[in-house]
$ cat my_file11.txt   # compact mmCIF, N, CA and C atoms
# COMPACT_ATOMS: atom_id res chain seq x y z
N MET A 1 6.17 3.32 13.79
CA MET A 1 5.52 2.47 14.79
C MET A 1 5.09 1.15 14.17
N ASP A 2 5.97 0.62 13.37
CA ASP A 2 5.65 -0.59 12.63
C ASP A 2 6.81 -1.58 12.67
N ASN A 3 7.54 -1.61 13.81
CA ASN A 3 8.68 -2.51 13.86
C ASN A 3 8.23 -3.94 14.17
N VAL A 4 9.12 -4.87 13.94
CA VAL A 4 8.80 -6.29 14.05
C VAL A 4 8.41 -6.65 15.49
N TYR A 5 9.13 -6.10 16.47
CA TYR A 5 8.83 -6.41 17.87
C TYR A 5 7.41 -5.95 18.23
N GLU A 6 7.09 -4.74 17.81
CA GLU A 6 5.77 -4.19 18.12
C GLU A 6 4.67 -5.02 17.46
N ILE A 7 4.84 -5.33 16.19
CA ILE A 7 3.83 -6.12 15.48
C ILE A 7 3.72 -7.51 16.11
N SER A 8 4.84 -8.07 16.51
CA SER A 8 4.81 -9.38 17.16
C SER A 8 4.01 -9.34 18.46
N LEU A 9 4.22 -8.29 19.26
CA LEU A 9 3.45 -8.13 20.50
C LEU A 9 1.95 -7.96 20.20
N LEU A 10 1.66 -7.09 19.25
CA LEU A 10 0.26 -6.88 18.88
C LEU A 10 -0.37 -8.18 18.39
N LEU A 11 0.39 -8.94 17.63
CA LEU A 11 -0.11 -10.22 17.12
C LEU A 11 -0.36 -11.19 18.27
N ASP A 12 0.52 -11.21 19.26
CA ASP A 12 0.32 -12.07 20.43
C ASP A 12 -0.95 -11.69 21.19
N PHE A 13 -1.19 -10.40 21.35
CA PHE A 13 -2.34 -9.95 22.12
C PHE A 13 -3.64 -10.03 21.34
N TYR A 14 -3.62 -9.66 20.07
CA TYR A 14 -4.86 -9.50 19.32
C TYR A 14 -4.97 -10.40 18.08
N GLY A 15 -4.00 -11.22 17.83
CA GLY A 15 -3.96 -12.01 16.61
C GLY A 15 -5.19 -12.86 16.37
N GLN A 16 -5.75 -13.40 17.42
CA GLN A 16 -6.92 -14.27 17.26
C GLN A 16 -8.17 -13.51 16.84
N LEU A 17 -8.10 -12.18 16.87
CA LEU A 17 -9.22 -11.36 16.44
C LEU A 17 -9.15 -11.02 14.94
N LEU A 18 -8.04 -11.37 14.32
CA LEU A 18 -7.89 -11.17 12.88
C LEU A 18 -8.56 -12.33 12.14
N THR A 19 -8.71 -12.17 10.83
CA THR A 19 -9.18 -13.31 10.05
C THR A 19 -8.08 -14.37 10.07
N ASP A 20 -8.45 -15.60 9.80
CA ASP A 20 -7.46 -16.68 9.79
C ASP A 20 -6.35 -16.38 8.79
N ARG A 21 -6.71 -15.87 7.62
CA ARG A 21 -5.73 -15.58 6.56
C ARG A 21 -4.79 -14.45 7.01
N GLN A 22 -5.34 -13.39 7.57
CA GLN A 22 -4.50 -12.28 8.04
C GLN A 22 -3.54 -12.74 9.12
N TYR A 23 -4.05 -13.54 10.05
CA TYR A 23 -3.18 -14.05 11.12
C TYR A 23 -2.07 -14.91 10.54
N GLU A 24 -2.42 -15.80 9.65
CA GLU A 24 -1.44 -16.71 9.06
C GLU A 24 -0.34 -15.92 8.33
N ILE A 25 -0.74 -14.94 7.55
CA ILE A 25 0.23 -14.14 6.79
C ILE A 25 1.15 -13.36 7.73
N LEU A 26 0.58 -12.69 8.71
CA LEU A 26 1.42 -11.93 9.64
C LEU A 26 2.32 -12.84 10.46
N ASP A 27 1.79 -13.97 10.88
CA ASP A 27 2.59 -14.93 11.65
C ASP A 27 3.78 -15.41 10.83
N LEU A 28 3.54 -15.76 9.58
CA LEU A 28 4.65 -16.21 8.73
C LEU A 28 5.68 -15.11 8.52
N HIS A 29 5.20 -13.90 8.33
CA HIS A 29 6.12 -12.78 8.06
C HIS A 29 6.89 -12.35 9.31
N VAL A 30 6.18 -12.16 10.41
CA VAL A 30 6.79 -11.60 11.62
C VAL A 30 7.50 -12.66 12.46
N ASN A 31 6.84 -13.76 12.71
CA ASN A 31 7.40 -14.77 13.62
C ASN A 31 8.28 -15.80 12.93
N HIS A 32 8.10 -15.98 11.63
CA HIS A 32 8.89 -16.99 10.91
C HIS A 32 9.79 -16.38 9.85
N ASP A 33 9.76 -15.05 9.74
CA ASP A 33 10.64 -14.29 8.86
C ASP A 33 10.53 -14.69 7.39
N TYR A 34 9.33 -15.01 6.95
CA TYR A 34 9.11 -15.30 5.53
C TYR A 34 9.01 -13.99 4.76
N SER A 35 9.50 -13.98 3.55
CA SER A 35 9.33 -12.82 2.68
C SER A 35 7.93 -12.84 2.09
N LEU A 36 7.54 -11.73 1.48
CA LEU A 36 6.22 -11.67 0.84
C LEU A 36 6.13 -12.72 -0.27
N GLY A 37 7.20 -12.88 -1.03
CA GLY A 37 7.23 -13.88 -2.09
C GLY A 37 7.09 -15.29 -1.57
N GLU A 38 7.76 -15.59 -0.47
CA GLU A 38 7.67 -16.94 0.12
C GLU A 38 6.25 -17.21 0.63
N ILE A 39 5.65 -16.20 1.25
CA ILE A 39 4.28 -16.36 1.75
C ILE A 39 3.32 -16.56 0.58
N ALA A 40 3.49 -15.74 -0.46
CA ALA A 40 2.63 -15.85 -1.64
C ALA A 40 2.72 -17.24 -2.24
N GLU A 41 3.93 -17.76 -2.34
CA GLU A 41 4.12 -19.09 -2.91
C GLU A 41 3.47 -20.16 -2.03
N GLN A 42 3.68 -20.06 -0.72
CA GLN A 42 3.15 -21.07 0.18
C GLN A 42 1.62 -21.05 0.22
N LEU A 43 1.03 -19.87 0.16
CA LEU A 43 -0.42 -19.76 0.25
C LEU A 43 -1.10 -19.71 -1.11
N ASP A 44 -0.30 -19.75 -2.16
CA ASP A 44 -0.81 -19.73 -3.53
C ASP A 44 -1.68 -18.50 -3.80
N ILE A 45 -1.13 -17.34 -3.41
CA ILE A 45 -1.76 -16.06 -3.72
C ILE A 45 -0.68 -15.13 -4.25
N SER A 46 -1.08 -13.97 -4.76
CA SER A 46 -0.11 -13.03 -5.32
C SER A 46 0.63 -12.30 -4.19
N ARG A 47 1.79 -11.75 -4.53
CA ARG A 47 2.54 -10.93 -3.58
C ARG A 47 1.70 -9.72 -3.17
N GLN A 48 0.95 -9.18 -4.14
CA GLN A 48 0.08 -8.04 -3.84
C GLN A 48 -1.00 -8.44 -2.84
N GLY A 49 -1.52 -9.64 -2.99
CA GLY A 49 -2.51 -10.15 -2.04
C GLY A 49 -1.93 -10.27 -0.64
N VAL A 50 -0.69 -10.75 -0.56
CA VAL A 50 0.00 -10.85 0.73
C VAL A 50 0.17 -9.46 1.32
N PHE A 51 0.67 -8.54 0.51
CA PHE A 51 0.90 -7.17 0.96
C PHE A 51 -0.40 -6.53 1.47
N ASP A 52 -1.47 -6.66 0.70
CA ASP A 52 -2.75 -6.07 1.08
C ASP A 52 -3.28 -6.66 2.39
N ASN A 53 -3.18 -7.98 2.52
CA ASN A 53 -3.62 -8.63 3.75
C ASN A 53 -2.79 -8.18 4.94
N MET A 54 -1.48 -8.06 4.75
CA MET A 54 -0.61 -7.60 5.83
C MET A 54 -0.96 -6.17 6.23
N LYS A 55 -1.19 -5.33 5.25
CA LYS A 55 -1.52 -3.93 5.53
C LYS A 55 -2.83 -3.83 6.32
N ARG A 56 -3.84 -4.58 5.91
CA ARG A 56 -5.13 -4.57 6.62
C ARG A 56 -4.98 -5.16 8.02
N ALA A 57 -4.20 -6.22 8.14
CA ALA A 57 -4.02 -6.86 9.45
C ALA A 57 -3.29 -5.93 10.41
N LYS A 58 -2.25 -5.28 9.94
CA LYS A 58 -1.52 -4.34 10.81
C LYS A 58 -2.41 -3.18 11.23
N ALA A 59 -3.21 -2.68 10.30
CA ALA A 59 -4.13 -1.59 10.62
C ALA A 59 -5.14 -2.04 11.68
N ALA A 60 -5.64 -3.27 11.54
CA ALA A 60 -6.59 -3.81 12.51
C ALA A 60 -5.95 -3.96 13.88
N LEU A 61 -4.71 -4.45 13.91
CA LEU A 61 -4.00 -4.60 15.18
C LEU A 61 -3.78 -3.25 15.86
N HIS A 62 -3.37 -2.26 15.09
CA HIS A 62 -3.16 -0.92 15.65
C HIS A 62 -4.47 -0.32 16.16
N LYS A 63 -5.54 -0.57 15.44
CA LYS A 63 -6.85 -0.05 15.86
C LYS A 63 -7.29 -0.71 17.17
N LEU A 64 -7.09 -2.01 17.27
CA LEU A 64 -7.42 -2.72 18.51
C LEU A 64 -6.59 -2.20 19.69
N GLU A 65 -5.32 -1.97 19.45
CA GLU A 65 -4.47 -1.44 20.51
C GLU A 65 -4.90 -0.03 20.90
N GLU A 66 -5.26 0.76 19.93
CA GLU A 66 -5.73 2.12 20.20
C GLU A 66 -6.97 2.09 21.09
N LYS A 67 -7.87 1.15 20.84
CA LYS A 67 -9.11 1.07 21.60
C LYS A 67 -8.94 0.38 22.95
N LEU A 68 -8.17 -0.69 22.98
CA LEU A 68 -8.07 -1.50 24.20
C LEU A 68 -6.81 -1.22 25.03
N GLY A 69 -5.71 -0.91 24.38
CA GLY A 69 -4.48 -0.55 25.07
C GLY A 69 -3.83 -1.66 25.88
N LEU A 70 -4.05 -2.90 25.52
CA LEU A 70 -3.51 -4.01 26.32
C LEU A 70 -1.98 -4.08 26.27
N VAL A 71 -1.40 -3.81 25.10
CA VAL A 71 0.06 -3.87 24.98
C VAL A 71 0.68 -2.74 25.79
N GLN A 72 0.07 -1.56 25.76
CA GLN A 72 0.57 -0.43 26.54
C GLN A 72 0.51 -0.75 28.04
N LYS A 73 -0.61 -1.32 28.48
CA LYS A 73 -0.75 -1.69 29.90
C LYS A 73 0.27 -2.75 30.28
N PHE A 74 0.46 -3.73 29.39
CA PHE A 74 1.44 -4.78 29.63
C PHE A 74 2.84 -4.18 29.77
N SER A 75 3.19 -3.27 28.88
CA SER A 75 4.52 -2.65 28.92
C SER A 75 4.72 -1.84 30.20
N GLU A 76 3.69 -1.12 30.61
CA GLU A 76 3.77 -0.34 31.84
C GLU A 76 3.94 -1.24 33.05
N GLN A 77 3.19 -2.33 33.10
CA GLN A 77 3.31 -3.27 34.22
C GLN A 77 4.69 -3.92 34.26
N LYS A 78 5.22 -4.22 33.09
CA LYS A 78 6.55 -4.81 33.03
C LYS A 78 7.61 -3.84 33.56
N LYS A 79 7.49 -2.57 33.20
CA LYS A 79 8.42 -1.55 33.70
C LYS A 79 8.33 -1.42 35.21
N LYS A 80 7.11 -1.45 35.74
CA LYS A 80 6.93 -1.37 37.19
C LYS A 80 7.54 -2.58 37.89
N ALA A 81 7.34 -3.75 37.32
CA ALA A 81 7.91 -4.97 37.90
C ALA A 81 9.44 -4.91 37.87
N GLU A 82 10.00 -4.39 36.79
CA GLU A 82 11.46 -4.24 36.70
C GLU A 82 11.97 -3.25 37.75
N ALA A 83 11.23 -2.18 38.00
CA ALA A 83 11.62 -1.20 39.02
C ALA A 83 11.60 -1.84 40.40
N VAL A 84 10.58 -2.63 40.68
CA VAL A 84 10.49 -3.32 41.97
C VAL A 84 11.66 -4.31 42.11
N LEU A 85 11.94 -5.03 41.05
CA LEU A 85 13.06 -5.98 41.08
C LEU A 85 14.38 -5.27 41.33
N ASN A 86 14.58 -4.13 40.70
CA ASN A 86 15.80 -3.36 40.93
C ASN A 86 15.91 -2.92 42.39
N LYS A 87 14.81 -2.48 42.97
CA LYS A 87 14.81 -2.07 44.39
C LYS A 87 15.16 -3.25 45.29
N ILE A 88 14.59 -4.40 45.00
CA ILE A 88 14.90 -5.60 45.79
C ILE A 88 16.38 -5.95 45.68
N ASN A 89 16.91 -5.88 44.45
CA ASN A 89 18.32 -6.21 44.25
C ASN A 89 19.25 -5.21 44.92
N GLU A 90 18.81 -3.96 45.09
CA GLU A 90 19.64 -2.93 45.72
C GLU A 90 19.57 -2.95 47.24
N MET A 91 18.61 -3.68 47.80
CA MET A 91 18.41 -3.69 49.25
C MET A 91 19.61 -4.31 49.96
N ASP A 92 19.91 -3.74 51.14
CA ASP A 92 20.93 -4.33 52.02
C ASP A 92 20.22 -5.41 52.85
N LYS A 93 20.51 -6.64 52.54
CA LYS A 93 19.81 -7.75 53.17
C LYS A 93 20.56 -8.32 54.38
N SER A 94 21.65 -7.68 54.75
CA SER A 94 22.49 -8.22 55.83
C SER A 94 21.76 -8.25 57.18
N ALA A 95 20.85 -7.32 57.40
CA ALA A 95 20.13 -7.27 58.69
C ALA A 95 18.88 -8.16 58.68
N PHE A 96 18.57 -8.76 57.55
CA PHE A 96 17.38 -9.60 57.46
C PHE A 96 17.64 -10.97 58.08
N SER A 97 16.60 -11.55 58.62
CA SER A 97 16.72 -12.93 59.10
C SER A 97 16.81 -13.86 57.90
N GLU A 98 17.24 -15.06 58.15
CA GLU A 98 17.34 -16.06 57.07
C GLU A 98 15.96 -16.30 56.45
N GLU A 99 14.95 -16.32 57.28
CA GLU A 99 13.58 -16.52 56.81
C GLU A 99 13.14 -15.36 55.90
N ASP A 100 13.45 -14.14 56.30
CA ASP A 100 13.09 -12.97 55.48
C ASP A 100 13.87 -12.96 54.17
N ARG A 101 15.14 -13.34 54.20
CA ARG A 101 15.92 -13.42 52.96
C ARG A 101 15.34 -14.45 52.01
N ALA A 102 14.91 -15.58 52.54
CA ALA A 102 14.31 -16.63 51.70
C ALA A 102 12.99 -16.13 51.10
N ALA A 103 12.19 -15.42 51.90
CA ALA A 103 10.92 -14.88 51.39
C ALA A 103 11.19 -13.85 50.30
N LEU A 104 12.18 -12.99 50.53
CA LEU A 104 12.52 -11.97 49.54
C LEU A 104 13.04 -12.61 48.25
N GLU A 105 13.78 -13.69 48.38
CA GLU A 105 14.29 -14.41 47.21
C GLU A 105 13.12 -15.01 46.40
N THR A 106 12.13 -15.52 47.11
CA THR A 106 10.94 -16.06 46.44
C THR A 106 10.19 -14.95 45.70
N ILE A 107 10.07 -13.80 46.34
CA ILE A 107 9.42 -12.65 45.71
C ILE A 107 10.21 -12.22 44.48
N ARG A 108 11.53 -12.14 44.59
CA ARG A 108 12.39 -11.75 43.47
C ARG A 108 12.23 -12.73 42.31
N ASP A 109 12.22 -14.02 42.60
CA ASP A 109 12.07 -15.03 41.56
C ASP A 109 10.71 -14.91 40.86
N THR A 110 9.67 -14.65 41.64
CA THR A 110 8.33 -14.49 41.08
C THR A 110 8.27 -13.28 40.17
N ILE A 111 8.86 -12.18 40.58
CA ILE A 111 8.87 -10.97 39.76
C ILE A 111 9.66 -11.22 38.46
N GLU A 112 10.76 -11.92 38.55
CA GLU A 112 11.53 -12.25 37.34
C GLU A 112 10.70 -13.11 36.38
N GLU A 113 9.92 -14.04 36.91
CA GLU A 113 9.04 -14.86 36.07
C GLU A 113 8.01 -13.99 35.37
N ILE A 114 7.46 -13.02 36.08
CA ILE A 114 6.48 -12.11 35.49
C ILE A 114 7.11 -11.30 34.38
N ILE A 115 8.30 -10.79 34.62
CA ILE A 115 8.99 -9.97 33.63
C ILE A 115 9.33 -10.78 32.38
N ASN A 116 9.74 -12.02 32.56
CA ASN A 116 10.19 -12.83 31.43
C ASN A 116 9.08 -13.64 30.77
N ALA A 117 7.85 -13.48 31.26
CA ALA A 117 6.73 -14.25 30.70
C ALA A 117 6.39 -13.79 29.30
$ encode --input "my_file11.txt" --output "structure tokens"
Amino acid sequence: MDNVYEISLLLDFYGQLLTDRQYEILDLHVNHDYSLGEIAEQLDISRQGVFDNMKRAKAALHKLEEKLGLVQKFSEQKKKAEAVLNKINEMDKSAFSEEDRAALETIRDTIEEIINA
């Protein structure tokens, strides 16, 4: 449960609750694909220091998710929105008025924006 996508999501949701140093290190590693050595060089700290900060930051992110569950709620809402979008796309719209089709298209576009946000 430590993949890059998951950590990136956790960082997006809870990153500002980390220390500035922890956030910076995780951001460089996860979002900018820096190695531990590159981060250590850029921040003028040891690789072990980078590793320790990353380990503490990931633990803090997981703990926040365990307590607050925002990423889980976000994922569930996204799945529900995708299910609604699929139902809309499967609907037979031939009997709808032009006005109803336009309204449904607006709803579909809004749901797609929510999913892709």
$ axis_aligned_box --input "my_file11.txt" --around "region 44-48 of chain A" --padding-each-side "8 Å" --output "AutoDock Vina command-line options"
--center_x 0.4 --center_y -13.9 --center_z -3.7 --size_x 20.3 --size_y 27.7 --size_z 19.2
$ residues_around --input "my_file11.txt" --residues "His29 (chain A)" --least-positions-apart "6" --cutoff "8 Å" --atoms "all atoms listed in the file" --output "PDB file with N, CA and C atoms, in the coordinates of the input"
ATOM      1  N   VAL A   4       9.120  -4.870  13.940  1.00  0.00           N
ATOM      2  CA  VAL A   4       8.800  -6.290  14.050  1.00  0.00           C
ATOM      3  C   VAL A   4       8.410  -6.650  15.490  1.00  0.00           C
ATOM      4  N   TYR A  23      -4.050 -13.540  10.050  1.00  0.00           N
ATOM      5  CA  TYR A  23      -3.180 -14.050  11.120  1.00  0.00           C
ATOM      6  C   TYR A  23      -2.070 -14.910  10.540  1.00  0.00           C
ATOM      7  N   SER A  35       9.500 -13.980   3.550  1.00  0.00           N
ATOM      8  CA  SER A  35       9.330 -12.820   2.680  1.00  0.00           C
ATOM      9  C   SER A  35       7.930 -12.840   2.090  1.00  0.00           C
ATOM     10  N   LEU A  36       7.540 -11.730   1.480  1.00  0.00           N
ATOM     11  CA  LEU A  36       6.220 -11.670   0.840  1.00  0.00           C
ATOM     12  C   LEU A  36       6.130 -12.720  -0.270  1.00  0.00           C
ATOM     13  N   ILE A  39       5.650 -16.200   1.250  1.00  0.00           N
ATOM     14  CA  ILE A  39       4.280 -16.360   1.750  1.00  0.00           C
ATOM     15  C   ILE A  39       3.320 -16.560   0.580  1.00  0.00           C
TER      16      ILE A  39
END
$ residues_around --input "my_file11.txt" --residues "Ile114 (chain A)" --least-positions-apart "4" --cutoff "8 Å" --atoms "all atoms listed in the file" --output "list in words"
Gln77, Lys78, Ala81, Glu82, Arg108, Asp109 and Thr110 of chain A
$ write_last_selection --input "my_file11.txt" --atoms "N, CA and C atoms" --output "tab-separated table (two decimals), in the coordinates of the input"
chain	number	residue	atom	x	y	z
A	77	GLN	N	3.19	-2.33	33.10
A	77	GLN	CA	3.31	-3.27	34.22
A	77	GLN	C	4.69	-3.92	34.26
A	78	LYS	N	5.22	-4.22	33.09
A	78	LYS	CA	6.55	-4.81	33.03
A	78	LYS	C	7.61	-3.84	33.56
A	81	ALA	N	7.34	-3.75	37.32
A	81	ALA	CA	7.91	-4.97	37.90
A	81	ALA	C	9.44	-4.91	37.87
A	82	GLU	N	10.00	-4.39	36.79
A	82	GLU	CA	11.46	-4.24	36.70
A	82	GLU	C	11.97	-3.25	37.75
A	108	ARG	N	11.53	-12.14	44.59
A	108	ARG	CA	12.39	-11.75	43.47
A	108	ARG	C	12.23	-12.73	42.31
A	109	ASP	N	12.22	-14.02	42.60
A	109	ASP	CA	12.07	-15.03	41.56
A	109	ASP	C	10.71	-14.91	40.86
A	110	THR	N	9.67	-14.65	41.64
A	110	THR	CA	8.33	-14.49	41.08
A	110	THR	C	8.27	-13.28	40.17
$ residues_around --input "my_file11.txt" --residues "region 56-71 of chain A" --least-positions-apart "3" --cutoff "6.5 Å" --atoms "only N, CA and C atoms" --output "MDAnalysis selection string"
chainID A and resid 10 14 22 51:53 74:76
$ select_by_dssp --input "my_file11.txt" --residues "region 66-117 of chain A" --states "alpha helix (DSSP H)" --output "mmCIF file with N, CA and C atoms, in the frame of the given file"
data_model
loop_
_atom_site.group_PDB
_atom_site.id
_atom_site.type_symbol
_atom_site.label_atom_id
_atom_site.label_comp_id
_atom_site.auth_asym_id
_atom_site.auth_seq_id
_atom_site.Cartn_x
_atom_site.Cartn_y
_atom_site.Cartn_z
ATOM 1 N N GLU A 66 -5.260 0.760 19.930
ATOM 2 C CA GLU A 66 -5.730 2.120 20.200
ATOM 3 C C GLU A 66 -6.970 2.090 21.090
ATOM 4 N N LYS A 67 -7.870 1.150 20.840
ATOM 5 C CA LYS A 67 -9.110 1.070 21.600
ATOM 6 C C LYS A 67 -8.940 0.380 22.950
ATOM 7 N N LEU A 68 -8.170 -0.690 22.980
ATOM 8 C CA LEU A 68 -8.070 -1.500 24.200
ATOM 9 C C LEU A 68 -6.810 -1.220 25.030
ATOM 10 N N LEU A 70 -4.050 -2.900 25.520
ATOM 11 C CA LEU A 70 -3.510 -4.010 26.320
ATOM 12 C C LEU A 70 -1.980 -4.080 26.270
ATOM 13 N N VAL A 71 -1.400 -3.810 25.100
ATOM 14 C CA VAL A 71 0.060 -3.870 24.980
ATOM 15 C C VAL A 71 0.680 -2.740 25.790
ATOM 16 N N GLN A 72 0.070 -1.560 25.760
ATOM 17 C CA GLN A 72 0.570 -0.430 26.540
ATOM 18 C C GLN A 72 0.510 -0.750 28.040
ATOM 19 N N LYS A 73 -0.610 -1.320 28.480
ATOM 20 C CA LYS A 73 -0.750 -1.690 29.900
ATOM 21 C C LYS A 73 0.270 -2.750 30.280
ATOM 22 N N PHE A 74 0.460 -3.730 29.390
ATOM 23 C CA PHE A 74 1.440 -4.780 29.630
ATOM 24 C C PHE A 74 2.840 -4.180 29.770
ATOM 25 N N SER A 75 3.190 -3.270 28.880
ATOM 26 C CA SER A 75 4.520 -2.650 28.920
ATOM 27 C C SER A 75 4.720 -1.840 30.200
ATOM 28 N N GLU A 76 3.690 -1.120 30.610
ATOM 29 C CA GLU A 76 3.770 -0.340 31.840
ATOM 30 C C GLU A 76 3.940 -1.240 33.050
ATOM 31 N N GLN A 77 3.190 -2.330 33.100
ATOM 32 C CA GLN A 77 3.310 -3.270 34.220
ATOM 33 C C GLN A 77 4.690 -3.920 34.260
ATOM 34 N N LYS A 78 5.220 -4.220 33.090
ATOM 35 C CA LYS A 78 6.550 -4.810 33.030
ATOM 36 C C LYS A 78 7.610 -3.840 33.560
ATOM 37 N N LYS A 79 7.490 -2.570 33.200
ATOM 38 C CA LYS A 79 8.420 -1.550 33.700
ATOM 39 C C LYS A 79 8.330 -1.420 35.210
ATOM 40 N N LYS A 80 7.110 -1.450 35.740
ATOM 41 C CA LYS A 80 6.930 -1.370 37.190
ATOM 42 C C LYS A 80 7.540 -2.580 37.890
ATOM 43 N N ALA A 81 7.340 -3.750 37.320
ATOM 44 C CA ALA A 81 7.910 -4.970 37.900
ATOM 45 C C ALA A 81 9.440 -4.910 37.870
ATOM 46 N N GLU A 82 10.000 -4.390 36.790
ATOM 47 C CA GLU A 82 11.460 -4.240 36.700
ATOM 48 C C GLU A 82 11.970 -3.250 37.750
ATOM 49 N N ALA A 83 11.230 -2.180 38.000
ATOM 50 C CA ALA A 83 11.620 -1.200 39.020
ATOM 51 C C ALA A 83 11.600 -1.840 40.400
ATOM 52 N N VAL A 84 10.580 -2.630 40.680
ATOM 53 C CA VAL A 84 10.490 -3.320 41.970
ATOM 54 C C VAL A 84 11.660 -4.310 42.110
ATOM 55 N N LEU A 85 11.940 -5.030 41.050
ATOM 56 C CA LEU A 85 13.060 -5.980 41.080
ATOM 57 C C LEU A 85 14.380 -5.270 41.330
ATOM 58 N N ASN A 86 14.580 -4.130 40.700
ATOM 59 C CA ASN A 86 15.800 -3.360 40.930
ATOM 60 C C ASN A 86 15.910 -2.920 42.390
ATOM 61 N N LYS A 87 14.810 -2.480 42.970
ATOM 62 C CA LYS A 87 14.810 -2.070 44.390
ATOM 63 C C LYS A 87 15.160 -3.250 45.290
ATOM 64 N N ILE A 88 14.590 -4.400 45.000
ATOM 65 C CA ILE A 88 14.900 -5.600 45.790
ATOM 66 C C ILE A 88 16.380 -5.950 45.680
ATOM 67 N N ASN A 89 16.910 -5.880 44.450
ATOM 68 C CA ASN A 89 18.320 -6.210 44.250
ATOM 69 C C ASN A 89 19.250 -5.210 44.920
ATOM 70 N N GLU A 90 18.810 -3.960 45.090
ATOM 71 C CA GLU A 90 19.640 -2.930 45.720
ATOM 72 C C GLU A 90 19.570 -2.950 47.240
ATOM 73 N N GLU A 98 17.240 -15.060 58.150
ATOM 74 C CA GLU A 98 17.340 -16.060 57.070
ATOM 75 C C GLU A 98 15.960 -16.300 56.450
ATOM 76 N N GLU A 99 14.950 -16.320 57.280
ATOM 77 C CA GLU A 99 13.580 -16.520 56.810
ATOM 78 C C GLU A 99 13.140 -15.360 55.900
ATOM 79 N N ASP A 100 13.450 -14.140 56.300
ATOM 80 C CA ASP A 100 13.090 -12.970 55.480
ATOM 81 C C ASP A 100 13.870 -12.960 54.170
ATOM 82 N N ARG A 101 15.140 -13.340 54.200
ATOM 83 C CA ARG A 101 15.920 -13.420 52.960
ATOM 84 C C ARG A 101 15.340 -14.450 52.010
ATOM 85 N N ALA A 102 14.910 -15.580 52.540
ATOM 86 C CA ALA A 102 14.310 -16.630 51.700
ATOM 87 C C ALA A 102 12.990 -16.130 51.100
ATOM 88 N N ALA A 103 12.190 -15.420 51.900
ATOM 89 C CA ALA A 103 10.920 -14.880 51.390
ATOM 90 C C ALA A 103 11.190 -13.850 50.300
ATOM 91 N N LEU A 104 12.180 -12.990 50.530
ATOM 92 C CA LEU A 104 12.520 -11.970 49.540
ATOM 93 C C LEU A 104 13.040 -12.610 48.250
ATOM 94 N N GLU A 105 13.780 -13.690 48.380
ATOM 95 C CA GLU A 105 14.290 -14.410 47.210
ATOM 96 C C GLU A 105 13.120 -15.010 46.400
ATOM 97 N N THR A 106 12.130 -15.520 47.110
ATOM 98 C CA THR A 106 10.940 -16.060 46.440
ATOM 99 C C THR A 106 10.190 -14.950 45.700
ATOM 100 N N ILE A 107 10.070 -13.800 46.340
ATOM 101 C CA ILE A 107 9.420 -12.650 45.710
ATOM 102 C C ILE A 107 10.210 -12.220 44.480
ATOM 103 N N ARG A 108 11.530 -12.140 44.590
ATOM 104 C CA ARG A 108 12.390 -11.750 43.470
ATOM 105 C C ARG A 108 12.230 -12.730 42.310
ATOM 106 N N ASP A 109 12.220 -14.020 42.600
ATOM 107 C CA ASP A 109 12.070 -15.030 41.560
ATOM 108 C C ASP A 109 10.710 -14.910 40.860
ATOM 109 N N THR A 110 9.670 -14.650 41.640
ATOM 110 C CA THR A 110 8.330 -14.490 41.080
ATOM 111 C C THR A 110 8.270 -13.280 40.170
ATOM 112 N N ILE A 111 8.860 -12.180 40.580
ATOM 113 C CA ILE A 111 8.870 -10.970 39.760
ATOM 114 C C ILE A 111 9.660 -11.220 38.460
ATOM 115 N N GLU A 112 10.760 -11.920 38.550
ATOM 116 C CA GLU A 112 11.530 -12.250 37.340
ATOM 117 C C GLU A 112 10.700 -13.110 36.380
ATOM 118 N N GLU A 113 9.920 -14.040 36.910
ATOM 119 C CA GLU A 113 9.040 -14.860 36.070
ATOM 120 C C GLU A 113 8.010 -13.990 35.370
ATOM 121 N N ILE A 114 7.460 -13.020 36.080
ATOM 122 C CA ILE A 114 6.480 -12.110 35.490
ATOM 123 C C ILE A 114 7.110 -11.300 34.380
ATOM 124 N N ILE A 115 8.300 -10.790 34.620
ATOM 125 C CA ILE A 115 8.990 -9.970 33.630
ATOM 126 C C ILE A 115 9.330 -10.780 32.380
ATOM 127 N N ASN A 116 9.740 -12.020 32.560
ATOM 128 C CA ASN A 116 10.190 -12.830 31.430
ATOM 129 C C ASN A 116 9.080 -13.640 30.770
#
$ atom_distance --input "my_file11.txt" --atom1 "atom N of Glu112 (chain A)" --atom2 "atom C of Glu90 (chain A)"
15.3 Å
$ decode --input "my_file11.txt" --residues "region 110-116 of chain A" --atoms "N, CA and C atoms" --output "short mmCIF file (atom, residue, chain, number, x, y, z; two decimals), in the first residue's frame"
data_model
loop_
_atom_site.label_atom_id
_atom_site.label_comp_id
_atom_site.auth_asym_id
_atom_site.auth_seq_id
_atom_site.Cartn_x
_atom_site.Cartn_y
_atom_site.Cartn_z
N THR A 110 -20.74 17.76 -16.91
CA THR A 110 -20.43 18.12 -15.52
C THR A 110 -19.88 16.92 -14.76
N ILE A 111 -20.47 15.77 -14.95
CA ILE A 111 -19.99 14.55 -14.28
C ILE A 111 -18.57 14.21 -14.76
N GLU A 112 -18.32 14.35 -16.05
CA GLU A 112 -16.96 14.10 -16.57
C GLU A 112 -15.95 15.06 -15.94
N GLU A 113 -16.34 16.32 -15.75
CA GLU A 113 -15.45 17.29 -15.10
C GLU A 113 -15.14 16.86 -13.67
N ILE A 114 -16.15 16.37 -12.97
CA ILE A 114 -15.96 15.90 -11.59
C ILE A 114 -15.01 14.72 -11.57
N ILE A 115 -15.20 13.78 -12.48
CA ILE A 115 -14.36 12.59 -12.53
C ILE A 115 -12.92 12.94 -12.85
N ASN A 116 -12.71 13.89 -13.75
CA ASN A 116 -11.36 14.22 -14.21
C ASN A 116 -10.69 15.31 -13.39
#
